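Beneath this line is the structure, given in structure tokens, with notes to follow.
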Amino acid sequence: MKIAVIGGTGLIGSQVVTKLAAAGHEAEPHSMSTGVDVISGKGLEEAVAGAAVVVNLTNSPTFDDASPEFFRTSMDNLLAAAQKGGVGHVVILSILGADRVPDAVYYRAKVLQEDILKAGPTPYSIVRATQFMEFIGAVLSWTTEGDTVRLPSTPLQPIAAQDVSDAVAEVAVGTPLNGTLDIAGPEVFPLDELGRITLDTHPDGRTVVTDDTAGMFAVVSGDALIARGDARIAPTHYRDWLS
């Protein structure tokens, strides 16, 4: 199949393109660097023309109040281009539990993205993943002050980008779900413990202090971001990934 991967040069997108190509598909990566802009629409119709499947892995450049408009505009443009190009399946990557964190504007924005896709004219699939292991370092940096990292005890279930890209590639070549696949890592950790594990493995002079008011994850209540029901559990463990 010809598969257009929008956001195909990023962390997940580049791996998805590689996996699809290895399986014999014509996977084409598209991004701002290749002349495709999901906000202005520049290059989008050309990117999806003739594709059987479009995988949208673009993300808002910010987590603030601008994020809902990014997802609204990008999805409207993408779905219009997909319909015009005769695309039969649109896949997006979202966040497991986003609908359970209404106090975070970025999570509301991801729910908006899902809702726009569901209401659109094209058969679709949504892959919802837990927090990427690759982003834990960035999460620590957000609340670092000097040698101290302040982190809440919010439970997270980190998943490796490789496992996410495996699921996205699998869904892309399958029958549209017209629904959602939830995927999560194999272990649950409080975020402050994740920080300590990370810095114990790769020490840099910082220490973690538990602060349930610190950072983006402070607004998450209870186990909102933990997998439930029939979620698929990925194989990669955080300590193994760190090493």
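We name chains A, B, ... following the order of the structure tokens; residues begin at 1 in each chain, and ligands are numbered from 1 as shown.
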
Discussion item. Applying 7 Å and only C-alpha atoms, which residues near A:Asn178 remain after dropping the ones on its own chain fewer than 2 positions away? List them as a list in words.
Written reply: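 The residues satisfying every condition are Pro123, Tyr124, Ser125 and Pro176 of chain A.
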
Expected file: the selected residues, N, CA and C atoms, as an mmCIF file, in the first residue's frame:
```
data_model
loop_
_atom_site.group_PDB
_atom_site.id
_atom_site.type_symbol
_atom_site.label_atom_id
_atom_site.label_comp_id
_atom_site.auth_asym_id
_atom_site.auth_seq_id
_atom_site.Cartn_x
_atom_site.Cartn_y
_atom_site.Cartn_z
ATOM 1 N N PRO A 123 -13.085 6.467 7.175
ATOM 2 C CA PRO A 123 -12.832 5.436 8.189
ATOM 3 C C PRO A 123 -11.520 5.728 8.925
ATOM 4 N N TYR A 124 -11.495 5.416 10.209
ATOM 5 C CA TYR A 124 -10.378 5.887 11.033
ATOM 6 C C TYR A 124 -9.961 4.855 12.074
ATOM 7 N N SER A 125 -8.781 5.106 12.623
ATOM 8 C CA SER A 125 -8.292 4.368 13.792
ATOM 9 C C SER A 125 -7.569 5.347 14.700
ATOM 10 N N PRO A 176 -9.670 -0.474 9.152
ATOM 11 C CA PRO A 176 -9.944 0.630 10.073
ATOM 12 C C PRO A 176 -10.711 0.157 11.306
#
```

Spatial neighbours of A:Val5, 12 Å, only C-alpha atoms, chain gap at least 3 places, as an mmCIF file with C-alpha atoms, in the first residue's frame:
```cif
data_model
loop_
_atom_site.group_PDB
_atom_site.id
_atom_site.type_symbol
_atom_site.label_atom_id
_atom_site.label_comp_id
_atom_site.auth_asym_id
_atom_site.auth_seq_id
_atom_site.Cartn_x
_atom_site.Cartn_y
_atom_site.Cartn_z
ATOM 1 C CA LYS A 2 0.938 3.615 -0.401
ATOM 2 C CA GLY A 8 6.945 11.196 9.381
ATOM 3 C CA THR A 9 10.347 12.585 10.372
ATOM 4 C CA GLY A 10 9.745 12.749 14.144
ATOM 5 C CA ILE A 12 7.456 7.990 16.204
ATOM 6 C CA GLY A 13 6.957 8.889 12.564
ATOM 7 C CA SER A 14 10.463 7.986 11.434
ATOM 8 C CA GLN A 15 10.177 4.574 13.080
ATOM 9 C CA VAL A 16 6.727 3.976 11.581
ATOM 10 C CA VAL A 17 8.040 4.795 8.103
ATOM 11 C CA THR A 18 10.959 2.380 8.560
ATOM 12 C CA LYS A 19 8.706 -0.433 9.782
ATOM 13 C CA LEU A 20 6.174 0.030 6.983
ATOM 14 C CA ALA A 21 8.891 0.141 4.333
ATOM 15 C CA HIS A 25 4.725 -0.809 1.785
ATOM 16 C CA GLU A 26 5.323 2.472 -0.004
ATOM 17 C CA ALA A 27 5.651 4.622 3.106
ATOM 18 C CA GLU A 28 6.273 8.305 2.445
ATOM 19 C CA PRO A 29 7.341 10.649 5.273
ATOM 20 C CA HIS A 30 5.983 14.195 5.179
ATOM 21 C CA SER A 31 6.658 17.131 7.488
ATOM 22 C CA THR A 34 9.590 18.205 3.239
ATOM 23 C CA VAL A 36 4.058 19.900 4.048
ATOM 24 C CA LEU A 44 -0.999 18.487 2.023
ATOM 25 C CA ALA A 47 1.207 14.445 0.070
ATOM 26 C CA VAL A 48 -1.935 12.337 0.488
ATOM 27 C CA ALA A 51 -2.477 7.108 -0.606
ATOM 28 C CA ALA A 52 -4.594 4.267 0.716
ATOM 29 C CA VAL A 53 -3.828 5.285 4.295
ATOM 30 C CA VAL A 54 -2.805 8.520 6.001
ATOM 31 C CA VAL A 55 -1.088 8.355 9.387
ATOM 32 C CA ASN A 56 -1.119 11.701 11.194
ATOM 33 C CA LEU A 57 1.629 11.998 13.805
ATOM 34 C CA THR A 58 1.917 15.779 13.889
ATOM 35 C CA LEU A 78 -6.025 16.805 6.783
ATOM 36 C CA HIS A 89 -8.186 5.110 6.315
ATOM 37 C CA VAL A 90 -6.861 7.860 8.617
ATOM 38 C CA VAL A 91 -4.834 6.948 11.707
ATOM 39 C CA ILE A 92 -3.882 9.284 14.561
ATOM 40 C CA LEU A 93 -1.816 8.846 17.719
ATOM 41 C CA SER A 165 5.556 2.709 16.481
ATOM 42 C CA VAL A 168 0.822 2.400 14.849
ATOM 43 C CA ALA A 169 2.361 0.557 11.898
ATOM 44 C CA ALA A 172 -2.100 1.460 9.645
#
```

Discussion item. When you count only C-alpha atoms, which of these residues is closest to A:Lys118: A:Asp192, A:Leu79, A:Ser33, A:Ser221?
Written reply: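 Among the listed residues, A:Leu79 lies closest to A:Lys118.
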
Item to complete: May I have all residues of stretch 45-243 of chain A that DSSP, computed from the backbone, assigns to strand (DSSP E or B), given as JSON, numbers by chain?
Response: {"A": [53, 54, 55, 56, 89, 90, 91, 92, 93, 94, 95, 124, 125, 126, 127, 128, 129, 132, 144, 145, 148, 149, 150, 151, 155, 156, 159, 180, 181, 182, 183, 184, 189, 190, 207, 208, 209, 210, 232, 233]}

Can you spit out the residues from that selection as a short mmCIF file (atom, residue, chain, number, x, y, z; two decimals), in the first residue's frame, using N, CA, C and O atoms?
```cif
data_model
loop_
_atom_site.label_atom_id
_atom_site.label_comp_id
_atom_site.auth_asym_id
_atom_site.auth_seq_id
_atom_site.Cartn_x
_atom_site.Cartn_y
_atom_site.Cartn_z
N VAL A 53 -3.76 4.99 2.86
CA VAL A 53 -3.83 5.29 4.30
C VAL A 53 -3.03 6.55 4.58
O VAL A 53 -1.97 6.78 3.99
N VAL A 54 -3.55 7.38 5.49
CA VAL A 54 -2.81 8.52 6.00
C VAL A 54 -2.63 8.34 7.50
O VAL A 54 -3.61 8.10 8.23
N VAL A 55 -1.39 8.41 7.96
CA VAL A 55 -1.09 8.35 9.39
C VAL A 55 -0.67 9.75 9.82
O VAL A 55 0.30 10.31 9.30
N ASN A 56 -1.42 10.34 10.74
CA ASN A 56 -1.12 11.70 11.19
C ASN A 56 -0.44 11.67 12.55
O ASN A 56 -1.07 11.36 13.56
N HIS A 89 -8.45 5.39 4.90
CA HIS A 89 -8.19 5.11 6.32
C HIS A 89 -7.27 6.20 6.86
O HIS A 89 -6.20 6.46 6.30
N VAL A 90 -7.69 6.86 7.94
CA VAL A 90 -6.86 7.86 8.62
C VAL A 90 -6.56 7.37 10.03
O VAL A 90 -7.47 6.97 10.76
N VAL A 91 -5.29 7.41 10.40
CA VAL A 91 -4.83 6.95 11.71
C VAL A 91 -4.22 8.12 12.46
O VAL A 91 -3.44 8.90 11.87
N ILE A 92 -4.56 8.29 13.74
CA ILE A 92 -3.88 9.28 14.56
C ILE A 92 -3.36 8.62 15.84
O ILE A 92 -3.83 7.56 16.24
N LEU A 93 -2.37 9.27 16.44
CA LEU A 93 -1.82 8.85 17.72
C LEU A 93 -2.27 9.83 18.78
O LEU A 93 -2.06 11.04 18.65
N SER A 94 -2.90 9.32 19.84
CA SER A 94 -3.40 10.17 20.90
C SER A 94 -2.87 9.69 22.25
O SER A 94 -1.93 8.90 22.30
N ILE A 95 -3.45 10.19 23.33
CA ILE A 95 -2.94 9.93 24.68
C ILE A 95 -3.95 9.11 25.46
O ILE A 95 -5.12 9.51 25.61
N TYR A 124 -11.50 5.42 10.21
CA TYR A 124 -10.38 5.89 11.03
C TYR A 124 -9.96 4.86 12.07
O TYR A 124 -10.68 3.89 12.37
N SER A 125 -8.78 5.11 12.62
CA SER A 125 -8.29 4.37 13.79
C SER A 125 -7.57 5.35 14.70
O SER A 125 -6.86 6.24 14.23
N ILE A 126 -7.75 5.18 16.01
CA ILE A 126 -7.06 5.99 17.00
C ILE A 126 -6.21 5.06 17.86
O ILE A 126 -6.73 4.10 18.43
N VAL A 127 -4.92 5.34 17.93
CA VAL A 127 -4.03 4.62 18.84
C VAL A 127 -3.74 5.56 20.00
O VAL A 127 -3.21 6.66 19.80
N ARG A 128 -4.11 5.14 21.20
CA ARG A 128 -3.85 5.96 22.39
C ARG A 128 -2.72 5.30 23.19
O ARG A 128 -2.83 4.14 23.57
N ALA A 129 -1.68 6.06 23.45
CA ALA A 129 -0.52 5.53 24.17
C ALA A 129 -0.31 6.28 25.47
O ALA A 129 -0.71 7.44 25.62
N PHE A 132 5.55 8.46 26.77
CA PHE A 132 6.72 7.85 26.15
C PHE A 132 7.90 7.87 27.13
O PHE A 132 8.19 8.88 27.77
N THR A 144 13.00 21.35 37.01
CA THR A 144 14.32 21.40 37.62
C THR A 144 14.65 22.83 38.04
O THR A 144 14.52 23.76 37.23
N GLU A 145 15.07 22.98 39.29
CA GLU A 145 15.55 24.27 39.80
C GLU A 145 16.91 24.01 40.45
O GLU A 145 16.98 23.42 41.54
N THR A 148 17.72 20.50 42.05
CA THR A 148 16.51 19.87 42.57
C THR A 148 15.47 19.70 41.47
O THR A 148 15.21 20.64 40.70
N VAL A 149 14.89 18.51 41.39
CA VAL A 149 13.78 18.25 40.46
C VAL A 149 12.53 18.01 41.31
O VAL A 149 12.50 17.08 42.13
N ARG A 150 11.54 18.83 41.13
CA ARG A 150 10.28 18.68 41.87
C ARG A 150 9.28 17.92 41.00
O ARG A 150 8.98 18.35 39.89
N LEU A 151 8.80 16.81 41.50
CA LEU A 151 7.90 15.96 40.73
C LEU A 151 6.74 15.50 41.59
O LEU A 151 6.93 15.15 42.76
N PRO A 155 0.73 8.66 39.11
CA PRO A 155 1.09 7.36 38.51
C PRO A 155 1.15 7.45 36.98
O PRO A 155 0.25 7.98 36.34
N LEU A 156 2.24 6.94 36.42
CA LEU A 156 2.41 6.85 34.97
C LEU A 156 2.77 5.42 34.59
O LEU A 156 3.29 4.66 35.42
N ILE A 159 5.84 3.91 28.18
CA ILE A 159 5.95 2.99 27.06
C ILE A 159 7.06 3.46 26.14
O ILE A 159 7.28 4.66 25.95
N THR A 180 -10.77 2.69 18.93
CA THR A 180 -9.52 3.02 19.59
C THR A 180 -8.77 1.78 20.05
O THR A 180 -9.38 0.82 20.53
N LEU A 181 -7.45 1.80 19.90
CA LEU A 181 -6.56 0.81 20.51
C LEU A 181 -5.76 1.52 21.58
O LEU A 181 -5.04 2.49 21.29
N ASP A 182 -5.86 1.07 22.83
CA ASP A 182 -5.06 1.61 23.93
C ASP A 182 -3.82 0.76 24.11
O ASP A 182 -3.90 -0.48 24.15
N ILE A 183 -2.67 1.42 24.24
CA ILE A 183 -1.41 0.70 24.47
C ILE A 183 -0.68 1.36 25.64
O ILE A 183 -0.74 2.57 25.83
N ALA A 184 0.02 0.53 26.43
CA ALA A 184 0.68 1.03 27.63
C ALA A 184 1.91 0.19 27.93
O ALA A 184 2.03 -0.95 27.49
N PHE A 189 4.54 3.43 37.66
CA PHE A 189 5.41 4.09 38.63
C PHE A 189 4.82 5.44 39.01
O PHE A 189 4.30 6.15 38.15
N PRO A 190 4.96 5.87 40.27
CA PRO A 190 4.74 7.28 40.57
C PRO A 190 5.80 8.09 39.82
O PRO A 190 6.95 7.65 39.70
N THR A 207 18.72 15.79 42.37
CA THR A 207 17.93 14.91 43.23
C THR A 207 16.46 15.26 43.07
O THR A 207 16.11 16.39 42.73
N VAL A 208 15.62 14.28 43.33
CA VAL A 208 14.17 14.46 43.17
C VAL A 208 13.52 14.72 44.53
O VAL A 208 13.79 14.01 45.50
N VAL A 209 12.68 15.74 44.56
CA VAL A 209 11.85 16.05 45.73
C VAL A 209 10.39 15.88 45.32
O VAL A 209 9.98 16.38 44.26
N THR A 210 9.62 15.18 46.13
CA THR A 210 8.20 14.98 45.82
C THR A 210 7.43 16.27 46.09
O THR A 210 7.50 16.83 47.18
N ARG A 232 -3.62 -2.96 25.33
CA ARG A 232 -2.49 -3.82 24.99
C ARG A 232 -1.28 -3.40 25.82
O ARG A 232 -0.93 -2.21 25.88
N ILE A 233 -0.62 -4.36 26.44
CA ILE A 233 0.54 -4.07 27.27
C ILE A 233 1.81 -4.38 26.47
O ILE A 233 2.02 -5.51 26.02
#
```

Item to complete: Pick out the closest residue to A:Ser67 from this set: A:Gly97, A:Ala227, A:Ala49, A:Lys110. Count only C-alpha atoms.
Response: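 Ranked by minimum distance to A:Ser67, first place goes to A:Lys110.
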
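Remark: for A:Pro121, the closest of the candidate residues A:Thr213, A:Ser153, A:Ser141, A:Gln83 is A:Gln83 (distances computed over only C-alpha atoms).
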